[in-house]
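Q: After the structure tokens below, expect a handful of questions from me.
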Amino acid sequence: MKENKKDIRSLTKQQLRDFFLEEGDKAFRGDQVYEWLWSKAAYSFDEMTNVSKGTRQMLENNFVINHIRVDAMQRSLDGTIKNAVKLHDGLTVESVLIPTGSRTTACVSSQVGCSLDCKFCATSRLKRMRNLNPDEIYDQVVVIDKQSKLYHNRPLSNIVFMGMGEPLMNYNNVLKAIDKITSPEGLGMSPKRIVVSTSGVPKMIRKMADDQVKFNLAVSLHSAIDNVRTSIMPFNETFPLAELREALEYWYKKTNRQITYEYVIWKGINDCQKDIDALVKFCKYVPSKVNIIEYNPIDDGLYQQASQESLDGYTRALESNRIVVNVRRSRGKDIDAACGQLANKT
Ligand code: SAH
């Protein structure tokens with residue numbers, strides 16, 4: 001028996017086929033096992049019933065399946081479910097199931113903690129420990145798909161990368177996970193139903209455009225004025241709005257797909273006319289729409305949701321400039337599952 005066995009899901013399909021050939025078996029065995037690992041999301045070799053006992057034992061001797069484990073599940077009065085997900089090395093992330101109308105959305109994490117320092121976000125208080133592996137991202141989706149079927153009688157319909165972490169700082173693994181999620185060999189979901197949300201890393205937005213990704217892009221904008229944005233999202237100092245704007249223009253030129261801006265309005269921070277004017281102007285650079293997100297207080301009380309009046313000011317200005325704007329109510333607030341509240345409290 002090997003020490004330090006390799007996670008079998010780090011192998012590509014071809015590598016798995018080659019492994020079986022080297023073992024004197026058929027390449028086809030690799031396909032069978034691959035199907036168990038991904039589309040059937042098996043957690044143990046014993047589940048692989050169309051593979052002989054001897055082969056299962058041989059796999060057991062050589063590999064592990066580093067699956068995630070739901071440590072705690074909390075259900076909100078509004079149907080939202082928050083999972084505390086334990087990883088194979090004992091670290092924890094959170095993922096959320098959000099039911100809305102006929103849809104179920106999975107909000108998944110891409111990193112343990114976060115390397116960014118957005119002042120209003122609870123996750124930023126956690127140190128970034130490590131990136132999630134593709135299978136750890138994929139598993140969160142599989143778990144929520146099962147929960148959706150169990151509690152809401154329907155499969156998962158949408159995925160948003162708005163949990164813990166900055167997905168573009170773990171780009172390769174996020175991309176690999178999405179490949180599996182969208183592939184017929186995985187969950188076969190449409191990339192049109194996936195949104196990757198970023199605080200706006202210009203270089204990576206350009207890379208995504210070059211890679212011709214098929215999922216949707218959301219940018220956490222929160223202010224279109226540099227010094228205001230830097231005060232709440234300090235990394236804006238390194239990636240100022242002009243650079244973000246150029247990267248988004250590049251994205252649109254390459255993909256022809258509009259961008260969603262996420263935007264929270266805080267009292268005394270971005271609730272003046274000049275903030276509205278700047279946002280309207282910014283929205284005109286690239287075809288885009290705005291999602292205004294309700295602020296979910298994190299315990300220090302430094303930031304407060306702006307008045308209804310300022311919110312109305314924003315929606316009126318955007319609409320009169322023919323920019324689509326949605327106002328999003330938060331879900332799962334009673335269990336700290338809403339945007340920006342994921343902080344491993346449980
Ligand atoms: N790092 C990525 C994804 C995680 S955050 C990003 O920045 O986009 C997901 C969304 O929740 C972002 O739009 C973020 O700005 C928003 N958010 C963070 N804290 C929040 C809070 N306390 N209330 C409301 N939205 C918040």
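Chains: A, B, ... in order of the structure tokens. Residues: from 1 per chain. Ligands: from 1, in order shown.
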Quick one: which chain A residues come within 6 Å of ligand 1, and what is the nearest atom pair for each with the distance in Å to one decimal, counting only C-alpha atoms and all ligand atoms, rows ordered by chain and ascending number, as a Markdown table?

A:
| residue | atom | partner | partner_atom_place_in_ligand_line | distance |
| --- | --- | --- | --- | --- |
| A:Phe120 | CA | ligand 1 | 22 (N) | 5.1 |
| A:Cys121 | CA | ligand 1 | 19 (N) | 3.6 |
| A:Met162 | CA | ligand 1 | 4 (C) | 3.9 |
| A:Gly163 | CA | ligand 1 | 4 (C) | 5.1 |
| A:Met164 | CA | ligand 1 | 4 (C) | 5.6 |
| A:Gly165 | CA | ligand 1 | 1 (N) | 5.1 |
| A:Glu166 | CA | ligand 1 | 1 (N) | 3.7 |
| A:Ser197 | CA | ligand 1 | 8 (O) | 4.1 |
| A:Thr198 | CA | ligand 1 | 8 (O) | 3.6 |
| A:Ser199 | CA | ligand 1 | 7 (O) | 3.7 |
| A:Val219 | CA | ligand 1 | 8 (O) | 5.8 |
| A:Ser220 | CA | ligand 1 | 13 (O) | 4.2 |
| A:Glu262 | CA | ligand 1 | 13 (O) | 5.1 |
| A:Ile293 | CA | ligand 1 | 24 (C) | 5.9 |
| A:Glu294 | CA | ligand 1 | 24 (C) | 5.7 |
| A:Tyr295 | CA | ligand 1 | 23 (N) | 3.9 |
| A:Asn296 | CA | ligand 1 | 23 (N) | 3.9 |
| A:Pro297 | CA | ligand 1 | 22 (N) | 5.4 |
| A:Ile298 | CA | ligand 1 | 22 (N) | 5.8 |
| A:Cys339 | CA | ligand 1 | 11 (O) | 4.3 |
| A:Gly340 | CA | ligand 1 | 19 (N) | 3.0 |
| A:Gln341 | CA | ligand 1 | 22 (N) | 5.8 |

Q: When you look at Met189 (chain A) with a cut-off of 10 Å (counting only C-alpha atoms), what residues show up, excluding the ones that are within fewer than 4 positions of it in the same chain? I need them as a VMD selection string.

A: chain A and resid 156 to 159 178 to 184 193 to 194

Q: Take CA of Val142 (chain A) and CA of Phe63 (chain A) and report the distance between them in Å, one decimal.

A: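 Between CA of Val142 (chain A) and CA of Phe63 (chain A) the gap is 21.3 Å.
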
Q: So which residues touch Asn321 (chain A) within 12 Å, counting only C-alpha atoms, skipping near sequence neighbours fewer than 3 positions away, as an MDAnalysis selection string?

A: chainID A and resid 276:277 279:284 288:289 314:318 324:325

Q: Would you give me, as a list in words, the residues in region 284-341 of chain A that DSSP reads as strand (DSSP E)?

A: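 DSSP on the backbone gives strand (DSSP E) at Ser288, Lys289, Val290, Asn291, Ile292, Ile293, Val325, Asn326, Val327 and Arg328 of chain A.
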
Q: In Å, with one decimal, what is the gap from CA of Val112 (chain A) to CA of Ile335 (chain A)?

A: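 If I compute the distance from CA of Val112 (chain A) to CA of Ile335 (chain A), I get 19.6 Å.
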
Q: So which residues touch region 235-240 of chain A within 9 Å, counting only C-alpha atoms, skipping near sequence neighbours fewer than 5 positions away, as a list in words?

A: Leu116, Asp117, Cys118, Ser199, Gly200, Val201, Pro202, Asp226, Asn227, Arg229, Thr230 and Arg245 of chain A

Q: Write down as a count of residues only the residues belonging to region 85-241 of chain A that are assigned alpha helix (DSSP H) by DSSP computed on the backbone.

A: 48

Q: One decimal, in Å: what's the spacing between CA of Asn61 (chain A) and CA of Val141 (chain A)?

A: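 So the two atoms, CA of Asn61 (chain A) and CA of Val141 (chain A), lie 28.1 Å apart.
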
Q: Find the residues around region 19-35 of chain A up to 12 Å (only C-alpha atoms counted), leave out those fewer than 6 positions away in its own chain, and share them as a ChimeraX atom specification.

A: /A:8-13,41-52,54-56,58-59,62-63,65,180,183-187

Q: Please identify all polymer residues within 12 Å of Val143 (chain A), counting only C-alpha atoms, omitting same-chain residues fewer than 2 positions from it, and present them as a PyMOL selection string.

A: chain A and resi 40-43+67-70+73+81-85+94-97+106-108+135-141+145-150+155-156+187

Q: Would you please work out which residue, of A:Asn153, A:Ser110, A:Asn216, A:Ser190, is nearest to Asn172 (chain A) when using only C-alpha atoms?

A: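 Among the listed residues, the smallest separation from Asn172 (chain A) belongs to A:Ser110.
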
Q: Looking at only C-alpha atoms, which of A:Gln304, A:Asn256, A:Thr100, A:Ser124 is the one that sits closest to Arg329 (chain A)?

A: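 Looking only at the distances to Arg329 (chain A), the closest residue turns out to be A:Thr100.
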
Q: Near Ser76 (chain A), counting only C-alpha atoms, which residues have an atom at most 10 Å away, once you skip same-chain residues fewer than 4 positions from it, shown as an MDAnalysis selection string?

A: chainID A and resid 80:82 98 331:337

Q: Which is closest to Leu342 (chain A) among A:Ser330, A:Ser109, A:Thr104, A:Asn133, if we use only C-alpha atoms?

A: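 Checking each of A:Ser330, A:Ser109, A:Thr104, A:Asn133 against Leu342 (chain A), counting only C-alpha atoms, the winner is A:Ser109.
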